[in-house]
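*Asks:* I have a structure here, written as structure tokens, and I will follow up with some questions on it.
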Amino acid sequence: MTDLVTSEQAASAGSKSSFGFIRNHLREYGILIALIAIMAFFQVVTGGILLKPVNLTNLILQNSYIVIMAIGMLLVIVSGHIDLSVGSVLGFIGALAAVMIVNWEVNYLLTAVICLAAGAAIGAAQGFWVAYYKIPSFIVTLAGMLVFKGLTLWLLAGQSIGPFPRQFQLISSGFIPDIFNSENINLFSLLLGVAVAALLLYLAVRARLQKQRTRMVDEPFAFFVAKNVIIALAIVYMSYLMATFRGLPNVFIIMALLISVYTFVARRTTVGRRIYAIGGNEKAAKLSGINTERLTFLTFANMGMLAALAGLVFAARLNTATPKAGLAFELDVIAAVFIGGASMSGGVGTIVGAVIGAFIMGVMNNGMSILGVGIDWQQVIKGLVLLAAVVFDVYNKNKG
């Protein structure tokens, strides 16, 4: 009888801990569940078109530059600031690359290096005023948005410039070659996807074992297994679908590397923890010895560099630079970060969450376009989704 009572108490405690874990991590699990639900919905209503290999590849290519900028924007927002200039910087860097490669015939690799450096310099210039003169980032970057829109028009003289050399286009339109020369499937891309899934499982298990040794595990074992198995299977399945088309796009590898590097920086390095500390309470962070000005400055410089990379990817995909490139992209990037779980007040958010938020926006755009929903209603629906994400954030904060 005593054993029965003890087992019931254990089950009750386990149930309470599971509910407590869900409540404390609702933001993290909610966006992942939301992405799966949205993809499942559009897969059904589009008659299976959403996850066809060619459409899945297009979905990745169409959202690559938003994902790249969302990674940088997440760090900016976590530090308690915002950058409204990223769309204009993207367009300006694309124009600069076009002028250098097409008009001046500069080598495309040298052009890429110069453009990335120019993007970092632009971000640093804006970060300087925000960090050291305490001018609100909203004002500084709003000014930057207007400045670089004007400079793009001046640089292009109001006309489109292109096309680019084939080697430059491969940044966005190229695919990983199949070293096995398999028929009907890019075997190397599939094996690469399987290897990535296996590596993620290994890292997740190792991290959990390390937490167990320090008694810091709060995630129920069932949640841990379900989450990581779903992620691994999704990676393998997506890799298989793309392998049956042309394989993994080059830009997909760029995104994967950026996500890995910035996730490591945000979670495991002193710099990452200090950026979160600044967003949580800048005065307390400064009193604890953190150089808040320098970190803010570097965060904006990093955002400028990633906006420049996105500009190169976008120009390579269009195969031309246009005066309207990047128009309103900053809104999609900021929306992706907030939908992905970042807090408006700073100090909260993850790289993976921002990427998931970007793909939620991308899947909605793609799915609604397939269904023939007009651009007017697409904007309405995206606005409502963003509002719902922010309301959810405020509700959780007030509840806590």
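Every chain in the structure tokens takes a letter, A first, then B, and so on in the order presented; its residues are numbered from 1, and the ligands are numbered from 1 following the presented order.
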May I have the residues within 6 Å of region 61-69 of chain A as a PyMOL selection string, using only C-alpha atoms and disregarding those fewer than 3 positions away in the same chain?
*Replies:* chain A and resi 58+72+306-307+310+333+355+358
*Asks:* Write out, as CSV, each residue of region 291-350 of chain A that has an atom at most 8 Å from region 372-395 of chain A, together with the closest pair of atoms and their distance in Å to one decimal, counting only C-alpha atoms, rows going by chain and rising number.
*Replies:*
residue,atom,partner,partner_atom,distance
A:Ala335,CA,A:Leu386,CA,6.1
A:Phe338,CA,A:Ala389,CA,6.7
A:Ile339,CA,A:Ala389,CA,5.3
A:Gly341,CA,A:Asp393,CA,7.4
A:Ser343,CA,A:Asp393,CA,6.6
A:Met344,CA,A:Val390,CA,7.9
*Asks:* Keeping only N, CA and C atoms, write the selected residues to a file as an mmCIF file, in the first residue's frame.
*Replies:*
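Okay, selection_15.cif is ready:
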data_model
loop_
_atom_site.group_PDB
_atom_site.id
_atom_site.type_symbol
_atom_site.label_atom_id
_atom_site.label_comp_id
_atom_site.auth_asym_id
_atom_site.auth_seq_id
_atom_site.Cartn_x
_atom_site.Cartn_y
_atom_site.Cartn_z
ATOM 1 N N ALA A 335 9.906 41.471 -37.426
ATOM 2 C CA ALA A 335 8.749 40.616 -37.132
ATOM 3 C C ALA A 335 9.195 39.184 -36.866
ATOM 4 N N PHE A 338 10.628 38.904 -33.283
ATOM 5 C CA PHE A 338 9.607 38.959 -32.234
ATOM 6 C C PHE A 338 8.723 37.715 -32.255
ATOM 7 N N ILE A 339 8.359 37.253 -33.437
ATOM 8 C CA ILE A 339 7.566 36.021 -33.533
ATOM 9 C C ILE A 339 8.364 34.847 -32.985
ATOM 10 N N GLY A 341 10.162 34.768 -30.442
ATOM 11 C CA GLY A 341 10.232 34.717 -28.985
ATOM 12 C C GLY A 341 11.067 35.779 -28.319
ATOM 13 N N SER A 343 12.010 39.349 -26.661
ATOM 14 C CA SER A 343 11.213 40.288 -25.885
ATOM 15 C C SER A 343 11.484 41.712 -26.350
ATOM 16 N N MET A 344 10.449 42.540 -26.333
ATOM 17 C CA MET A 344 10.593 43.932 -26.742
ATOM 18 C C MET A 344 11.521 44.704 -25.817
#
*Asks:* For Ala121 (chain A), list every protein, DNA or RNA residue within 9 Å, evaluated using only C-alpha atoms, and leave out those in the same chain fewer than 5 positions away; present the list as a ChimeraX atom specification.
*Replies:* /A:116,126,301,304-305
*Asks:* May I have the selected residues written with C-alpha atoms, as a PDB file, in the first residue's frame?
*Replies:*
ATOM      1  CA  LEU A 116      31.274  42.904 -46.056  1.00  0.00           C
ATOM      2  CA  GLN A 126      25.505  53.753 -36.386  1.00  0.00           C
ATOM      3  CA  ALA A 301      28.839  46.433 -36.470  1.00  0.00           C
ATOM      4  CA  GLY A 304      25.852  45.747 -40.589  1.00  0.00           C
ATOM      5  CA  MET A 305      28.122  42.933 -41.737  1.00  0.00           C
TER       6      MET A 305
END
*Asks:* Select, from A:Ser79, A:Ser260, A:Leu192, A:Val205, the residue with the minimum atom-to-atom distance to Ala285 (chain A), counting only C-alpha atoms.
*Replies:* A:Ser79
*Asks:* Considering only C-alpha atoms, can you say which of A:Leu90, A:Met255, A:Leu295, A:Ala98 comes closest to Ala328 (chain A)?
*Replies:*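 With only C-alpha atoms as the atom set, the closest residue is A:Leu90.
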*Asks:* Give me the residues within 10 Å of Gly119 (chain A) as an mmCIF file with N, CA and C atoms, in the first residue's frame, counting only C-alpha atoms and dropping any in the same chain fewer than 4 places off.
*Replies:*
data_model
loop_
_atom_site.group_PDB
_atom_site.id
_atom_site.type_symbol
_atom_site.label_atom_id
_atom_site.label_comp_id
_atom_site.auth_asym_id
_atom_site.auth_seq_id
_atom_site.Cartn_x
_atom_site.Cartn_y
_atom_site.Cartn_z
ATOM 1 N N VAL A 86 18.411 47.992 -41.856
ATOM 2 C CA VAL A 86 18.983 46.794 -42.486
ATOM 3 C C VAL A 86 18.517 46.601 -43.932
ATOM 4 N N VAL A 89 20.487 49.071 -46.049
ATOM 5 C CA VAL A 89 21.897 48.648 -46.137
ATOM 6 C C VAL A 89 22.023 47.479 -47.106
ATOM 7 N N LEU A 90 21.070 46.539 -47.043
ATOM 8 C CA LEU A 90 21.056 45.413 -47.992
ATOM 9 C C LEU A 90 21.020 45.928 -49.429
ATOM 10 N N PHE A 92 21.842 48.939 -50.555
ATOM 11 C CA PHE A 92 23.048 49.718 -50.869
ATOM 12 C C PHE A 92 24.233 48.809 -51.181
ATOM 13 N N ILE A 93 24.410 47.747 -50.384
ATOM 14 C CA ILE A 93 25.538 46.830 -50.607
ATOM 15 C C ILE A 93 25.354 46.073 -51.920
ATOM 16 N N VAL A 113 34.527 40.775 -50.204
ATOM 17 C CA VAL A 113 35.258 41.161 -48.995
ATOM 18 C C VAL A 113 35.069 42.654 -48.709
ATOM 19 N N ILE A 114 35.185 43.481 -49.751
ATOM 20 C CA ILE A 114 35.016 44.929 -49.587
ATOM 21 C C ILE A 114 33.590 45.263 -49.132
ATOM 22 N N CYS A 115 32.610 44.575 -49.708
ATOM 23 C CA CYS A 115 31.208 44.835 -49.350
ATOM 24 C C CYS A 115 30.921 44.442 -47.896
ATOM 25 N N GLY A 123 27.453 49.590 -39.961
ATOM 26 C CA GLY A 123 26.905 49.217 -38.657
ATOM 27 C C GLY A 123 27.673 49.858 -37.518
ATOM 28 N N ALA A 124 29.005 49.911 -37.650
ATOM 29 C CA ALA A 124 29.839 50.509 -36.608
ATOM 30 C C ALA A 124 29.561 52.007 -36.483
ATOM 31 N N ALA A 125 29.378 52.671 -37.615
ATOM 32 C CA ALA A 125 29.098 54.109 -37.589
ATOM 33 C C ALA A 125 27.796 54.405 -36.851
ATOM 34 N N ALA A 301 27.886 46.727 -35.393
ATOM 35 C CA ALA A 301 28.839 46.433 -36.470
ATOM 36 C C ALA A 301 28.572 45.046 -37.055
ATOM 37 N N ASN A 302 28.266 44.091 -36.179
ATOM 38 C CA ASN A 302 27.935 42.736 -36.626
ATOM 39 C C ASN A 302 26.655 42.735 -37.464
ATOM 40 N N MET A 303 25.666 43.523 -37.039
ATOM 41 C CA MET A 303 24.415 43.616 -37.799
ATOM 42 C C MET A 303 24.664 44.176 -39.187
ATOM 43 N N GLY A 304 25.517 45.186 -39.285
ATOM 44 C CA GLY A 304 25.852 45.747 -40.589
ATOM 45 C C GLY A 304 26.527 44.746 -41.503
ATOM 46 N N MET A 305 27.432 43.939 -40.934
ATOM 47 C CA MET A 305 28.122 42.933 -41.737
ATOM 48 C C MET A 305 27.146 41.872 -42.255
ATOM 49 N N LEU A 306 26.218 41.423 -41.404
ATOM 50 C CA LEU A 306 25.250 40.412 -41.829
ATOM 51 C C LEU A 306 24.253 40.994 -42.836
ATOM 52 N N ALA A 307 23.901 42.269 -42.690
ATOM 53 C CA ALA A 307 23.035 42.923 -43.684
ATOM 54 C C ALA A 307 23.752 42.984 -45.031
ATOM 55 N N ALA A 308 25.076 43.214 -44.996
ATOM 56 C CA ALA A 308 25.855 43.231 -46.233
ATOM 57 C C ALA A 308 25.885 41.842 -46.877
ATOM 58 N N LEU A 309 26.069 40.807 -46.058
ATOM 59 C CA LEU A 309 26.045 39.434 -46.584
ATOM 60 C C LEU A 309 24.689 39.127 -47.212
ATOM 61 N N GLY A 311 22.733 41.296 -48.486
ATOM 62 C CA GLY A 311 22.672 42.079 -49.716
ATOM 63 C C GLY A 311 23.344 41.372 -50.880
#
*Asks:* With the cut-off set at 12 Å and counting only C-alpha atoms, tabulate each residue of region 15-98 of chain A with an atom at most that distance from an atom of region 241-244 of chain A, showing the nearest atom pair and its distance in Å to one decimal, ordered by chain and increasing number, as JSON lines.
*Replies:*
{"residue": "A:Leu50", "atom": "CA", "partner": "A:Leu241", "partner_atom": "CA", "distance": 11.5}
{"residue": "A:Leu51", "atom": "CA", "partner": "A:Leu241", "partner_atom": "CA", "distance": 8.0}
{"residue": "A:Lys52", "atom": "CA", "partner": "A:Leu241", "partner_atom": "CA", "distance": 7.3}
{"residue": "A:Pro53", "atom": "CA", "partner": "A:Leu241", "partner_atom": "CA", "distance": 5.1}
{"residue": "A:Val54", "atom": "CA", "partner": "A:Met242", "partner_atom": "CA", "distance": 7.4}
{"residue": "A:Asn55", "atom": "CA", "partner": "A:Met242", "partner_atom": "CA", "distance": 9.4}
{"residue": "A:Leu56", "atom": "CA", "partner": "A:Met242", "partner_atom": "CA", "distance": 7.2}
{"residue": "A:Thr57", "atom": "CA", "partner": "A:Met242", "partner_atom": "CA", "distance": 6.5}
{"residue": "A:Asn58", "atom": "CA", "partner": "A:Met242", "partner_atom": "CA", "distance": 10.2}
{"residue": "A:Leu59", "atom": "CA", "partner": "A:Met242", "partner_atom": "CA", "distance": 11.2}
{"residue": "A:Ile60", "atom": "CA", "partner": "A:Met242", "partner_atom": "CA", "distance": 10.4}
*Asks:* So which residues of region 10-134 of chain A fall under helix (DSSP H, G or I) by DSSP, listed as a PyMOL selection string?
*Replies:* chain A and resi 10-24+26-45+53-78+86-103+108-132
*Asks:* Those selected residues, please, written with C-alpha atoms and delivered as an mmCIF file, in the first residue's frame.
*Replies:*
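This went into again_33.cif:
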data_model
loop_
_atom_site.group_PDB
_atom_site.id
_atom_site.type_symbol
_atom_site.label_atom_id
_atom_site.label_comp_id
_atom_site.auth_asym_id
_atom_site.auth_seq_id
_atom_site.Cartn_x
_atom_site.Cartn_y
_atom_site.Cartn_z
ATOM 1 C CA ALA A 10 5.951 10.378 -7.778
ATOM 2 C CA ALA A 11 3.601 10.398 -10.773
ATOM 3 C CA SER A 12 1.836 13.468 -9.403
ATOM 4 C CA ALA A 13 5.172 15.214 -8.827
ATOM 5 C CA GLY A 14 6.288 14.266 -12.318
ATOM 6 C CA SER A 15 3.058 15.602 -13.782
ATOM 7 C CA LYS A 16 3.430 18.870 -11.858
ATOM 8 C CA SER A 17 7.055 19.223 -12.958
ATOM 9 C CA SER A 18 6.036 18.598 -16.571
ATOM 10 C CA PHE A 19 3.340 21.261 -16.401
ATOM 11 C CA GLY A 20 5.773 23.630 -14.717
ATOM 12 C CA PHE A 21 8.340 22.995 -17.423
ATOM 13 C CA ILE A 22 5.773 23.651 -20.168
ATOM 14 C CA ARG A 23 4.718 26.872 -18.462
ATOM 15 C CA ASN A 24 8.308 28.086 -18.054
ATOM 16 C CA LEU A 26 6.072 27.924 -23.404
ATOM 17 C CA ARG A 27 7.805 30.517 -25.598
ATOM 18 C CA GLU A 28 10.495 28.072 -26.767
ATOM 19 C CA TYR A 29 8.191 25.127 -27.477
ATOM 20 C CA GLY A 30 5.289 27.262 -28.675
ATOM 21 C CA ILE A 31 7.070 28.669 -31.737
ATOM 22 C CA LEU A 32 8.366 25.233 -32.768
ATOM 23 C CA ILE A 33 4.871 23.770 -32.469
ATOM 24 C CA ALA A 34 3.499 26.794 -34.342
ATOM 25 C CA LEU A 35 5.915 26.250 -37.250
ATOM 26 C CA ILE A 36 5.001 22.547 -37.475
ATOM 27 C CA ALA A 37 1.276 23.359 -37.318
ATOM 28 C CA ILE A 38 1.516 26.085 -39.984
ATOM 29 C CA MET A 39 3.520 23.829 -42.315
ATOM 30 C CA ALA A 40 1.049 20.970 -41.792
ATOM 31 C CA PHE A 41 -1.888 23.306 -42.476
ATOM 32 C CA PHE A 42 -0.467 24.664 -45.737
ATOM 33 C CA GLN A 43 0.705 21.199 -46.800
ATOM 34 C CA VAL A 44 -2.914 20.023 -46.574
ATOM 35 C CA VAL A 45 -4.667 23.049 -48.076
ATOM 36 C CA PRO A 53 11.235 19.442 -53.401
ATOM 37 C CA VAL A 54 11.244 22.351 -55.860
ATOM 38 C CA ASN A 55 8.983 24.492 -53.642
ATOM 39 C CA LEU A 56 10.934 23.613 -50.496
ATOM 40 C CA THR A 57 14.140 24.708 -52.227
ATOM 41 C CA ASN A 58 12.495 27.951 -53.331
ATOM 42 C CA LEU A 59 11.249 28.507 -49.772
ATOM 43 C CA ILE A 60 14.822 28.344 -48.460
ATOM 44 C CA LEU A 61 16.199 30.584 -51.216
ATOM 45 C CA GLN A 62 13.410 33.150 -50.763
ATOM 46 C CA ASN A 63 13.980 33.431 -47.017
ATOM 47 C CA SER A 64 17.763 33.111 -46.876
ATOM 48 C CA TYR A 65 18.463 36.835 -46.632
ATOM 49 C CA ILE A 66 15.736 37.327 -43.997
ATOM 50 C CA VAL A 67 17.217 34.489 -41.906
ATOM 51 C CA ILE A 68 20.743 35.922 -42.205
ATOM 52 C CA MET A 69 19.607 39.368 -41.031
ATOM 53 C CA ALA A 70 17.349 37.911 -38.303
ATOM 54 C CA ILE A 71 20.423 36.337 -36.681
ATOM 55 C CA GLY A 72 22.072 39.751 -36.350
ATOM 56 C CA MET A 73 18.831 41.509 -35.415
ATOM 57 C CA LEU A 74 18.254 39.044 -32.575
ATOM 58 C CA LEU A 75 21.477 40.181 -30.890
ATOM 59 C CA VAL A 76 20.574 43.845 -31.435
ATOM 60 C CA ILE A 77 17.110 43.380 -29.905
ATOM 61 C CA VAL A 78 18.432 41.234 -27.049
ATOM 62 C CA VAL A 86 18.983 46.794 -42.486
ATOM 63 C CA GLY A 87 16.764 46.775 -45.602
ATOM 64 C CA SER A 88 18.393 49.935 -46.947
ATOM 65 C CA VAL A 89 21.897 48.648 -46.137
ATOM 66 C CA LEU A 90 21.056 45.413 -47.992
ATOM 67 C CA GLY A 91 20.009 47.411 -51.059
ATOM 68 C CA PHE A 92 23.048 49.718 -50.869
ATOM 69 C CA ILE A 93 25.538 46.830 -50.607
ATOM 70 C CA GLY A 94 23.860 45.045 -53.526
ATOM 71 C CA ALA A 95 24.202 48.246 -55.566
ATOM 72 C CA LEU A 96 27.843 48.641 -54.521
ATOM 73 C CA ALA A 97 28.581 45.044 -55.560
ATOM 74 C CA ALA A 98 26.876 45.580 -58.929
ATOM 75 C CA VAL A 99 28.838 48.753 -59.672
ATOM 76 C CA MET A 100 32.136 47.127 -58.702
ATOM 77 C CA ILE A 101 31.607 43.814 -60.530
ATOM 78 C CA VAL A 102 29.648 44.897 -63.612
ATOM 79 C CA ASN A 103 30.817 48.470 -64.213
ATOM 80 C CA TYR A 108 33.831 39.103 -57.354
ATOM 81 C CA LEU A 109 35.721 37.641 -54.355
ATOM 82 C CA LEU A 110 37.498 40.935 -53.687
ATOM 83 C CA THR A 111 34.181 42.725 -54.132
ATOM 84 C CA ALA A 112 32.528 40.445 -51.566
ATOM 85 C CA VAL A 113 35.258 41.161 -48.995
ATOM 86 C CA ILE A 114 35.016 44.929 -49.587
ATOM 87 C CA CYS A 115 31.208 44.835 -49.350
ATOM 88 C CA LEU A 116 31.274 42.904 -46.056
ATOM 89 C CA ALA A 117 33.793 45.395 -44.666
ATOM 90 C CA ALA A 118 31.606 48.282 -45.868
ATOM 91 C CA GLY A 119 28.571 46.748 -44.152
ATOM 92 C CA ALA A 120 30.495 46.342 -40.896
ATOM 93 C CA ALA A 121 31.673 49.972 -41.168
ATOM 94 C CA ILE A 122 28.090 51.177 -41.700
ATOM 95 C CA GLY A 123 26.905 49.217 -38.657
ATOM 96 C CA ALA A 124 29.839 50.509 -36.608
ATOM 97 C CA ALA A 125 29.098 54.109 -37.589
ATOM 98 C CA GLN A 126 25.505 53.753 -36.386
ATOM 99 C CA GLY A 127 26.543 51.810 -33.289
ATOM 100 C CA PHE A 128 29.003 54.567 -32.374
ATOM 101 C CA TRP A 129 26.211 57.122 -31.916
ATOM 102 C CA VAL A 130 24.010 54.642 -30.062
ATOM 103 C CA ALA A 131 26.723 53.290 -27.748
ATOM 104 C CA TYR A 132 28.847 56.318 -26.932
#
